[in-house]
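Engineer: Sharing a structure here in structure tokens format.
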Amino acid sequence: MSHKEMTVLSSAMPIHLRWLNQPAAAAGVTWGVPWSKGELKRGDLSALCLNGAADGSALPLQSRPAAYWPDGSIKWSFHSAVCPEGSTDGYTLEQSAEPVAMPAALQVSVQETEEAYIVDTGTILCTVGKQGTGLISRIIRRVQAASAGSEEQLLCSGSELVCLREQRDTLSGELTLLQERFTGVTRKASLEEAGPLRAVICLEGRHRNIRGAREWLPYTLRLYFYAGLESIRLVHTFHYDGNPQQDFIKGLGIVFKVPLSGPLYNRHVRLAGSEGIFSESPKTLHTRRTKGKYADMFAGQLEGKSLQFDLEEDAYFTGLLQDSAVWDSFRLVQDSSEHYGIHKRTGAGCTWIKGAEGRRAGGLSYVGSECGGLAAAVKNFWRKHPSGLEITGTSGSEAALTVWFWSPEVPAMDLRHYDTKTHVESSYEGADELRATPYGIASTNELTLWCTARTPETAQLLRMQQEADEPALLVCAPEYYHRSRAFGLWSLPDRSTAVKACLEDRLDGIISFYQSEIEQRKWYGLWDYGDFMHSYDPVRHVWNYDLGGCAWQNAELVPNMWLWVSFLRTGRADIFRMAEAMTRHTSEVDVYHFGEYAGLGSRHNVVHWGCGCKEARIAMAGLHRYFYYLTGDERTGGIMDSVKDADYSTVTLDPMRAYFPKDEFPTHVRVGPDWAAFSSNWMTRWERYEDTAYRDKIITGIDCIKAANLRLISGPTYGYDPKTGMLSAMGDDNWGRHLAISMGGPQVWFELAMMLEDPEWEDMLAEFGVFYNLPEEEKDVIAGGAITGKLRFEHPVLSVAIAAYGAWYRDDRATAERCWSILLENPFGAVNLQEEQIRVTYMEPLNEIGWMNTNEASQWSLNTIIALELIAEALPERGAGTDTGKAVAAE
């Protein structure tokens with residue numbers, strides 16, 4: 001910052017890294033590292049290497065820039081490595097005189113033909129189709145033979161995306177169901193990264209009716225390969241572009257074909273339960289006469305061992321096997337977060353027999369024979385129910401392993417709205433227009449494939465399941481993130497005084513409360529997982545699940561930012577997973593990726609896409625860039641690209657249409673949250689691609705705000721032209737200011753200030769922050785009476801971040817003390833939530849806090865974290881009149 005410098009320590013090498021979750025096996029990993037301005041030049045990336053913290057052994061590194069500072073130095077970099085099994089707990093990123101050499105045989109290579117990409121990891125050879133039906137056409141694994149050289153095993157002979165559409169026809173007065181099968185058709189393929197340690201292929205297409213011409217449900221599928229590994233990670237996104245009154249998704253998944261050979265008793269099926277593995281064979285050795293050595297062989301069969309029988313000695317027993325049933329098909333259905341069932345059958349026309357059931361399945365399946373097999377595991381399998389795994393054709397020469405993101409064994413997906421009209425006054429739904437459409441929303445799911453030379457043992461399958469559910473990730477220490485100013489202003493935990501310790505307890509307590517609520521209230525499901533609910537109904541003892549604008553949170557008041565900053569300052573893996581799930585949800589389900597509302601999102605509602613207020617603040621890049629820069633996730637990067645011109649969507653859907661009639665301006669926007677959201681999109685575009693056109697739009701808007709009578713205090717509604725980026729003043733007091741400071745605007749603007757180095761912009765932020773909570777008489781003096789009405793500066797707790805900035809920037813002790821008074825006297829500062837909970841009975845006994853709301857929980861937490869960074873010296877020795885104060889006094 002130019003006028004008043006923050007103290008930023010140089011992040012000298014080495015940079016210490018640790019595992020978010022210790023991987024159970026060799027792992028391919030990609031992660032992001034932030035850099036202070038001017039610290040790392042473009043050409044320096046090739047001089048970095050990864051060293052084991054314990055033994056000092058160096059690993060090859062594949063690096064690339066992810067974002068830049070305005071001076072051209074690197075702001076974020078992405079790195080990929082393959083870490084061996086038994087990896088140390090930590091690594092260091094260091095400068096190296098020479099890059100670590102990697103044998104050519106252990107590199108990822110990609111050969112491109114007209115029809116396909118052929119990826120060779122050194123262990124597997126995978127052919128990925130570039131167009132038409134089918135995805136992976138074949139996977140071959142190299143296996144070291146007993147004699148010199150190696151043999152090749154064909155483990156996958158084809159794959160395709162599959163969708164089942166259920167059409168409901170009610171015109172006749174009777175409900176009839178028509179079902180159609182669709183398969184994925186790739187229209188575009190691209191090689192996004194080509195090795196030598198990691199390769200990424202992206203396929204884009206649509207699902208086509210196998211008996212007709214209709215195409216729908218656009219998809220994106222990315223495949224990730226790492227050098228030397230037998231696994232492939234897949235990230236699958238589908239978009240909804242149907243008519244929710246007619247187009248019901250009955251099933252959605254991916255089918256992999258697996259060649260089988262050898263006796264049926266040497267073929268194996270595995271399905272992961274809550275803790276153990278369902279292990280069976282199409283021809284089990286279990287008969288009513290299985291005993292002695294055959295019982296031992298049966299136990300070996302369950303562990304995947306290859307069995308052999310003597311034609312003469314074992315003739316009687318093999319005769320029994322000839323007589324026993326052949327089980328051709330197996331399936332696992334996770335129909336809720338609390339139940340799964342496993343069934344099997346001998347063939348078509350025969351009933352399914354229940355083999356097992358339980359609560360939460362691990363999401364892993366395997367099918368294979370003497371020539372190896374294929375395992376597939378789905379991340380968040382039970383959390384994103386109704387999911388399923390199905391294996392068919394095990395008695396033939398080729399089995400089909402299907403991963404169902406939506407199982408066809410449950411009712412079809414219903415994306416209709418919950419009502420036929422909107423409820424603005426009674427339910428806070430925000431707009432008279434219904435606009436409750438799922439057209440343009442999306443969902444992303446992740447799975448991992450393993451191409452195994454033999455049937456894995458139970459312990460190995462459980463490790464696979466863990467790897468799929470918690471993919472390997474290296475992260476920096478919180479102190480490093482803080483030192484490099486990653487994502488702006490926030491504090492590290494500090495318990496050096498009683499008041500600070502109490503505030504840290506409060507912050508931890510809010511996180512713990514929501515972790516408990518996710519489980520207690522079962523906030524799970526394909527379309528729901530990752531979101532919190534908005535506010536609570538203590539009369540019924542439930543969250544307002546059926547009350548219009550008070551049900552799902554949908555990123556309102558930026559809980560994403562709260563969770564991500566909480567992770568950055570603590571390094572806690574459990575918080576990372578919460579923030580990751582919320583980012584996956586809010587960036588996909590709550591955002592429109594095409595159509596009339598492209599680049600906008602739906603705020604809180606009973607269904608995520610239900611609110612008539614389609615706004616840029618829900619879709620803004622500022623909410624999602626944390627996940628992108630920490631992980632390098634390409635899907636999130638694409639989403640951030642897609643919102644860069646979201647301001648144009650406001651021309652057809654004016655955010656202020658209910659309050660300002662059509663006039664000479666193309667549209668109207670508030671400086672916050674609308675222009676603040678645009679600026680987050682533009683800042684992200686500028687730093688990622690050095691696209692100065694978007695930097696210039698930011699500067700144009702700031703110059704317009706500078707020219708306003710009271711600068712940032714004026715407005716906040718302006719006339720706006722997205723073609724020029726011009727904000728045209730419409731007065732000094734035309735709307736409330738609380739949305740300008742509670743929807744992520746200050747957090748984006750603080751980081752933007754570090755990039756722009758514009759003293760007047762910083763002073764404007766500080767001026768607005770100090771002004772917000774001044775007594776009315778002082779406001780009148782400063783504004784010359786231009787601002788009237790007490791409702792223009794509502795909810796002081798929402799303002800603390802920008803007010804603390806003003807206090808810090810201007811050395812304003814009175815404003816700083818006012819900030820702490822607001823925070824400490826707020827219920828979230830005054831109350832221990834775990835002690836505040838009471839035990840009540842709804843459908844079952846549960847804990848509740850009757851006054852809970854996510855808006856304030858999110859904002860109090862985020863603003864406290866920022867205030868502890870900027871104005872900690874103004875903290876009182878005790879918080880007068882609060883439980884915080886009582887706790888301090890007791891010590």
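Each chain of the structure tokens is named A, B, ... in the order shown, its residues numbered from 1; ligands are numbered from 1 in display order.
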Going by DSSP on the backbone, which residues of region 387-630 of chain A come out as helix (DSSP H, G or I)? List them as a PDB file with C-alpha atoms, in the first residue's frame.

Structural biologist:
ATOM      1  CA  VAL A 424     -41.844 -11.077  -1.036  1.00  0.00           C
ATOM      2  CA  GLU A 425     -43.295  -9.639   2.164  1.00  0.00           C
ATOM      3  CA  SER A 426     -43.991 -12.789   4.164  1.00  0.00           C
ATOM      4  CA  SER A 427     -40.835 -14.653   3.242  1.00  0.00           C
ATOM      5  CA  THR A 458      -8.957 -54.943   1.793  1.00  0.00           C
ATOM      6  CA  ALA A 459      -6.349 -52.639   3.329  1.00  0.00           C
ATOM      7  CA  GLN A 460      -5.408 -51.302  -0.103  1.00  0.00           C
ATOM      8  CA  LEU A 461      -9.043 -50.715  -1.046  1.00  0.00           C
ATOM      9  CA  LEU A 462      -9.568 -48.727   2.151  1.00  0.00           C
ATOM     10  CA  ARG A 463      -6.516 -46.608   1.317  1.00  0.00           C
ATOM     11  CA  MET A 464      -7.974 -45.958  -2.143  1.00  0.00           C
ATOM     12  CA  GLN A 465     -11.235 -44.886  -0.569  1.00  0.00           C
ATOM     13  CA  GLN A 466      -9.419 -42.456   1.713  1.00  0.00           C
ATOM     14  CA  GLU A 467      -7.384 -41.053  -1.174  1.00  0.00           C
ATOM     15  CA  ALA A 468     -10.518 -40.408  -3.251  1.00  0.00           C
ATOM     16  CA  ASP A 469     -12.403 -38.750  -0.395  1.00  0.00           C
ATOM     17  CA  PRO A 478      -0.470 -20.135   8.123  1.00  0.00           C
ATOM     18  CA  GLU A 479       2.444 -17.834   8.971  1.00  0.00           C
ATOM     19  CA  TYR A 480       3.620 -17.963   5.358  1.00  0.00           C
ATOM     20  CA  TYR A 481       0.174 -17.233   3.923  1.00  0.00           C
ATOM     21  CA  HIS A 482      -0.085 -14.316   6.342  1.00  0.00           C
ATOM     22  CA  ARG A 483       3.400 -12.986   5.580  1.00  0.00           C
ATOM     23  CA  ALA A 498      -7.239 -13.008  28.063  1.00  0.00           C
ATOM     24  CA  VAL A 499      -9.490 -11.009  25.708  1.00  0.00           C
ATOM     25  CA  LYS A 500      -7.717 -12.304  22.604  1.00  0.00           C
ATOM     26  CA  ALA A 501      -7.904 -15.862  23.901  1.00  0.00           C
ATOM     27  CA  CYS A 502     -11.607 -15.440  24.538  1.00  0.00           C
ATOM     28  CA  LEU A 503     -12.170 -14.122  21.004  1.00  0.00           C
ATOM     29  CA  GLU A 504     -10.271 -17.086  19.570  1.00  0.00           C
ATOM     30  CA  ASP A 505     -12.511 -19.386  21.606  1.00  0.00           C
ATOM     31  CA  ARG A 506     -15.556 -17.638  20.178  1.00  0.00           C
ATOM     32  CA  LEU A 507     -14.250 -18.033  16.621  1.00  0.00           C
ATOM     33  CA  ASP A 508     -13.529 -21.721  17.176  1.00  0.00           C
ATOM     34  CA  GLY A 509     -16.925 -22.153  18.810  1.00  0.00           C
ATOM     35  CA  ILE A 510     -18.794 -20.801  15.777  1.00  0.00           C
ATOM     36  CA  ILE A 511     -16.939 -23.191  13.479  1.00  0.00           C
ATOM     37  CA  SER A 512     -17.715 -26.076  15.848  1.00  0.00           C
ATOM     38  CA  PHE A 513     -21.369 -25.096  15.974  1.00  0.00           C
ATOM     39  CA  TYR A 514     -21.743 -25.247  12.182  1.00  0.00           C
ATOM     40  CA  GLN A 515     -19.825 -28.498  11.957  1.00  0.00           C
ATOM     41  CA  SER A 516     -22.329 -29.951  14.413  1.00  0.00           C
ATOM     42  CA  GLU A 517     -25.281 -28.473  12.528  1.00  0.00           C
ATOM     43  CA  ILE A 518     -24.176 -29.972   9.210  1.00  0.00           C
ATOM     44  CA  GLU A 519     -24.387 -33.377  10.834  1.00  0.00           C
ATOM     45  CA  GLN A 520     -27.342 -32.752  13.140  1.00  0.00           C
ATOM     46  CA  GLY A 548     -38.620 -18.224   1.084  1.00  0.00           C
ATOM     47  CA  GLY A 549     -35.652 -15.920   1.503  1.00  0.00           C
ATOM     48  CA  CYS A 550     -34.643 -17.359   4.879  1.00  0.00           C
ATOM     49  CA  PRO A 559     -19.603 -17.375   4.551  1.00  0.00           C
ATOM     50  CA  ASN A 560     -17.150 -18.673   1.910  1.00  0.00           C
ATOM     51  CA  MET A 561     -14.694 -15.926   2.821  1.00  0.00           C
ATOM     52  CA  TRP A 562     -15.141 -16.585   6.538  1.00  0.00           C
ATOM     53  CA  LEU A 563     -14.362 -20.294   6.129  1.00  0.00           C
ATOM     54  CA  TRP A 564     -11.407 -19.770   3.814  1.00  0.00           C
ATOM     55  CA  VAL A 565      -9.813 -17.115   6.011  1.00  0.00           C
ATOM     56  CA  SER A 566     -10.388 -19.392   8.997  1.00  0.00           C
ATOM     57  CA  PHE A 567      -8.453 -22.112   7.192  1.00  0.00           C
ATOM     58  CA  LEU A 568      -5.632 -19.791   6.161  1.00  0.00           C
ATOM     59  CA  ARG A 569      -5.037 -18.641   9.734  1.00  0.00           C
ATOM     60  CA  THR A 570      -5.292 -22.101  11.356  1.00  0.00           C
ATOM     61  CA  ALA A 573      -8.001 -29.671   7.423  1.00  0.00           C
ATOM     62  CA  ASP A 574     -11.580 -29.896   8.714  1.00  0.00           C
ATOM     63  CA  ILE A 575     -12.167 -26.219   7.956  1.00  0.00           C
ATOM     64  CA  PHE A 576     -10.582 -26.621   4.520  1.00  0.00           C
ATOM     65  CA  ARG A 577     -13.049 -29.396   3.676  1.00  0.00           C
ATOM     66  CA  MET A 578     -15.985 -27.220   4.810  1.00  0.00           C
ATOM     67  CA  ALA A 579     -14.777 -24.325   2.656  1.00  0.00           C
ATOM     68  CA  GLU A 580     -14.073 -26.617  -0.294  1.00  0.00           C
ATOM     69  CA  ALA A 581     -17.584 -28.090  -0.158  1.00  0.00           C
ATOM     70  CA  MET A 582     -19.125 -24.617   0.062  1.00  0.00           C
ATOM     71  CA  THR A 583     -17.083 -23.410  -2.908  1.00  0.00           C
ATOM     72  CA  ARG A 584     -18.073 -26.405  -5.016  1.00  0.00           C
ATOM     73  CA  HIS A 585     -21.710 -25.765  -4.144  1.00  0.00           C
ATOM     74  CA  THR A 586     -21.936 -21.991  -4.428  1.00  0.00           C
ATOM     75  CA  SER A 587     -19.826 -21.724  -7.594  1.00  0.00           C
ATOM     76  CA  GLU A 588     -21.925 -24.357  -9.384  1.00  0.00           C
ATOM     77  CA  ALA A 616     -23.518 -10.659  -9.425  1.00  0.00           C
ATOM     78  CA  ARG A 617     -22.511 -10.851  -5.758  1.00  0.00           C
ATOM     79  CA  ILE A 618     -23.423 -14.559  -5.521  1.00  0.00           C
ATOM     80  CA  ALA A 619     -21.350 -15.492  -8.583  1.00  0.00           C
ATOM     81  CA  ALA A 621     -14.869 -14.549  -8.487  1.00  0.00           C
ATOM     82  CA  GLY A 622     -13.883 -13.149  -5.092  1.00  0.00           C
ATOM     83  CA  LEU A 623     -15.756 -16.005  -3.407  1.00  0.00           C
ATOM     84  CA  HIS A 624     -14.093 -18.791  -5.366  1.00  0.00           C
ATOM     85  CA  ARG A 625     -10.503 -17.671  -5.976  1.00  0.00           C
ATOM     86  CA  TYR A 626      -9.364 -19.014  -2.575  1.00  0.00           C
ATOM     87  CA  PHE A 627     -10.038 -22.589  -3.670  1.00  0.00           C
ATOM     88  CA  TYR A 628      -8.596 -21.974  -7.109  1.00  0.00           C
ATOM     89  CA  TYR A 629      -5.286 -20.540  -5.943  1.00  0.00           C
ATOM     90  CA  LEU A 630      -4.793 -23.110  -3.175  1.00  0.00           C
TER      91      LEU A 630
END

Engineer: One number please: CA of Leu875 (chain A) to CA of Ala477 (chain A), in Å, one decimal.

Structural biologist: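 Going from CA of Leu875 (chain A) over to CA of Ala477 (chain A) covers 26.6 Å.
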
Engineer: So that I can check the surroundings of Ala325 (chain A), please list as a PyMOL selection string every protein, DNA and RNA residue that reaches within 9 Å of it, counting only C-alpha atoms and ignoring chain neighbours fewer than 3 positions away.

Structural biologist: chain A and resi 282-284+321-322+346

Engineer: Save the residues we just selected, N, CA and C atoms, as a PDB file, in the first residue's frame?

Structural biologist:
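part.pdb, freshly written:
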ATOM      1  N   PRO A 282     -18.752 -63.642  -8.646  1.00  0.00           N
ATOM      2  CA  PRO A 282     -19.928 -64.200  -9.338  1.00  0.00           C
ATOM      3  C   PRO A 282     -20.115 -65.684  -9.035  1.00  0.00           C
ATOM      4  N   LYS A 283     -19.042 -66.349  -8.672  1.00  0.00           N
ATOM      5  CA  LYS A 283     -19.131 -67.758  -8.277  1.00  0.00           C
ATOM      6  C   LYS A 283     -18.403 -67.899  -6.944  1.00  0.00           C
ATOM      7  N   THR A 284     -19.146 -67.716  -5.863  1.00  0.00           N
ATOM      8  CA  THR A 284     -18.541 -67.807  -4.544  1.00  0.00           C
ATOM      9  C   THR A 284     -18.253 -69.256  -4.176  1.00  0.00           C
ATOM     10  N   LEU A 321     -19.575 -76.481  -7.159  1.00  0.00           N
ATOM     11  CA  LEU A 321     -19.517 -75.129  -7.720  1.00  0.00           C
ATOM     12  C   LEU A 321     -20.300 -75.039  -9.026  1.00  0.00           C
ATOM     13  N   GLN A 322     -20.242 -76.072  -9.818  1.00  0.00           N
ATOM     14  CA  GLN A 322     -21.007 -76.065 -11.059  1.00  0.00           C
ATOM     15  C   GLN A 322     -22.495 -75.928 -10.776  1.00  0.00           C
ATOM     16  N   THR A 346     -28.885 -62.832 -10.028  1.00  0.00           N
ATOM     17  CA  THR A 346     -28.262 -63.782 -10.951  1.00  0.00           C
ATOM     18  C   THR A 346     -28.419 -63.360 -12.406  1.00  0.00           C
TER      19      THR A 346
END

Engineer: Which value, in Å to one decimal, gives the distance between CA of His608 (chain A) and CA of Val589 (chain A)?

Structural biologist: 7.0 Å

Engineer: What's the 10 Å shell around Thr684 (chain A), counting only C-alpha atoms, without same-chain residues fewer than 6 positions away, as a ChimeraX atom specification?

Structural biologist: /A:67-68,620-622,625,637,640-641,644,678,690-691,694-695,748,752

Engineer: Counting only C-alpha atoms, what is within 10 Å of Arg360 (chain A), bar same-chain residues fewer than 2 positions away, as number ranges by chain?

Structural biologist: A: 272-275, 334-341, 357-358, 362-363, 381-383, 385

Engineer: Let me make sure I understand: among A:Leu798, A:Ala116, A:Leu17, A:Ala101, which one has the smallest atom-to-atom distance to Pro746 (chain A) if we use only C-alpha atoms?

Structural biologist: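 Result for the nearest residue to Pro746 (chain A): A:Leu798.
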
Engineer: Find the spatial neighbours of region 541-545 of chain A, counting only C-alpha atoms, within a cut-off of 9 Å - ignore same-chain residues fewer than 3 positions away - and output them as an MDAnalysis selection string.

Structural biologist: chainID A and resid 521 533:538 548:552 605:606 840:842 846 848 850

Engineer: Quick one: residues within 7 Å of Asn855 (chain A), only C-alpha atoms counted, chain neighbours fewer than 3 positions away excluded, as JSON, numbers by chain?

Structural biologist: {"A": [534, 556, 557, 858, 859]}

Engineer: Just all heavy atoms for this one: save the residues we selected as an mmCIF file, in the first residue's frame.

Structural biologist:
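Generated output (again-v1.cif):
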data_model
loop_
_atom_site.group_PDB
_atom_site.id
_atom_site.type_symbol
_atom_site.label_atom_id
_atom_site.label_comp_id
_atom_site.auth_asym_id
_atom_site.auth_seq_id
_atom_site.Cartn_x
_atom_site.Cartn_y
_atom_site.Cartn_z
ATOM 1 N N HIS A 534 -29.961 -20.296 6.434
ATOM 2 C CA HIS A 534 -29.890 -18.858 6.653
ATOM 3 C C HIS A 534 -30.220 -18.441 8.084
ATOM 4 O O HIS A 534 -29.421 -17.780 8.755
ATOM 5 C CB HIS A 534 -30.844 -18.193 5.653
ATOM 6 C CG HIS A 534 -30.854 -16.696 5.670
ATOM 7 N ND1 HIS A 534 -31.559 -15.976 6.600
ATOM 8 C CD2 HIS A 534 -30.264 -15.797 4.856
ATOM 9 C CE1 HIS A 534 -31.408 -14.686 6.358
ATOM 10 N NE2 HIS A 534 -30.617 -14.550 5.299
ATOM 11 N N GLU A 556 -24.774 -15.697 0.769
ATOM 12 C CA GLU A 556 -25.165 -14.389 1.297
ATOM 13 C C GLU A 556 -24.284 -14.013 2.485
ATOM 14 O O GLU A 556 -24.055 -14.809 3.395
ATOM 15 C CB GLU A 556 -26.640 -14.423 1.727
ATOM 16 C CG GLU A 556 -27.212 -13.072 2.119
ATOM 17 C CD GLU A 556 -27.646 -12.246 0.921
ATOM 18 O OE1 GLU A 556 -27.192 -12.538 -0.197
ATOM 19 O OE2 GLU A 556 -28.441 -11.317 1.095
ATOM 20 N N LEU A 557 -23.761 -12.806 2.471
ATOM 21 C CA LEU A 557 -22.861 -12.287 3.504
ATOM 22 C C LEU A 557 -21.589 -13.129 3.635
ATOM 23 O O LEU A 557 -21.016 -13.290 4.711
ATOM 24 C CB LEU A 557 -23.569 -12.110 4.846
ATOM 25 C CG LEU A 557 -24.275 -10.742 5.000
ATOM 26 C CD1 LEU A 557 -25.456 -10.626 4.043
ATOM 27 C CD2 LEU A 557 -24.729 -10.502 6.406
ATOM 28 N N SER A 858 -21.329 -15.367 10.144
ATOM 29 C CA SER A 858 -20.296 -15.208 9.130
ATOM 30 C C SER A 858 -19.606 -13.857 9.246
ATOM 31 O O SER A 858 -18.369 -13.775 9.269
ATOM 32 C CB SER A 858 -20.935 -15.354 7.741
ATOM 33 O OG SER A 858 -20.050 -14.956 6.727
ATOM 34 N N GLN A 859 -20.393 -12.804 9.316
ATOM 35 C CA GLN A 859 -19.814 -11.467 9.335
ATOM 36 C C GLN A 859 -19.084 -11.157 10.643
ATOM 37 O O GLN A 859 -18.024 -10.530 10.633
ATOM 38 C CB GLN A 859 -20.907 -10.436 9.077
ATOM 39 C CG GLN A 859 -21.301 -10.330 7.625
ATOM 40 C CD GLN A 859 -20.227 -9.688 6.766
ATOM 41 O OE1 GLN A 859 -19.882 -8.521 6.950
ATOM 42 N NE2 GLN A 859 -19.696 -10.453 5.821
#
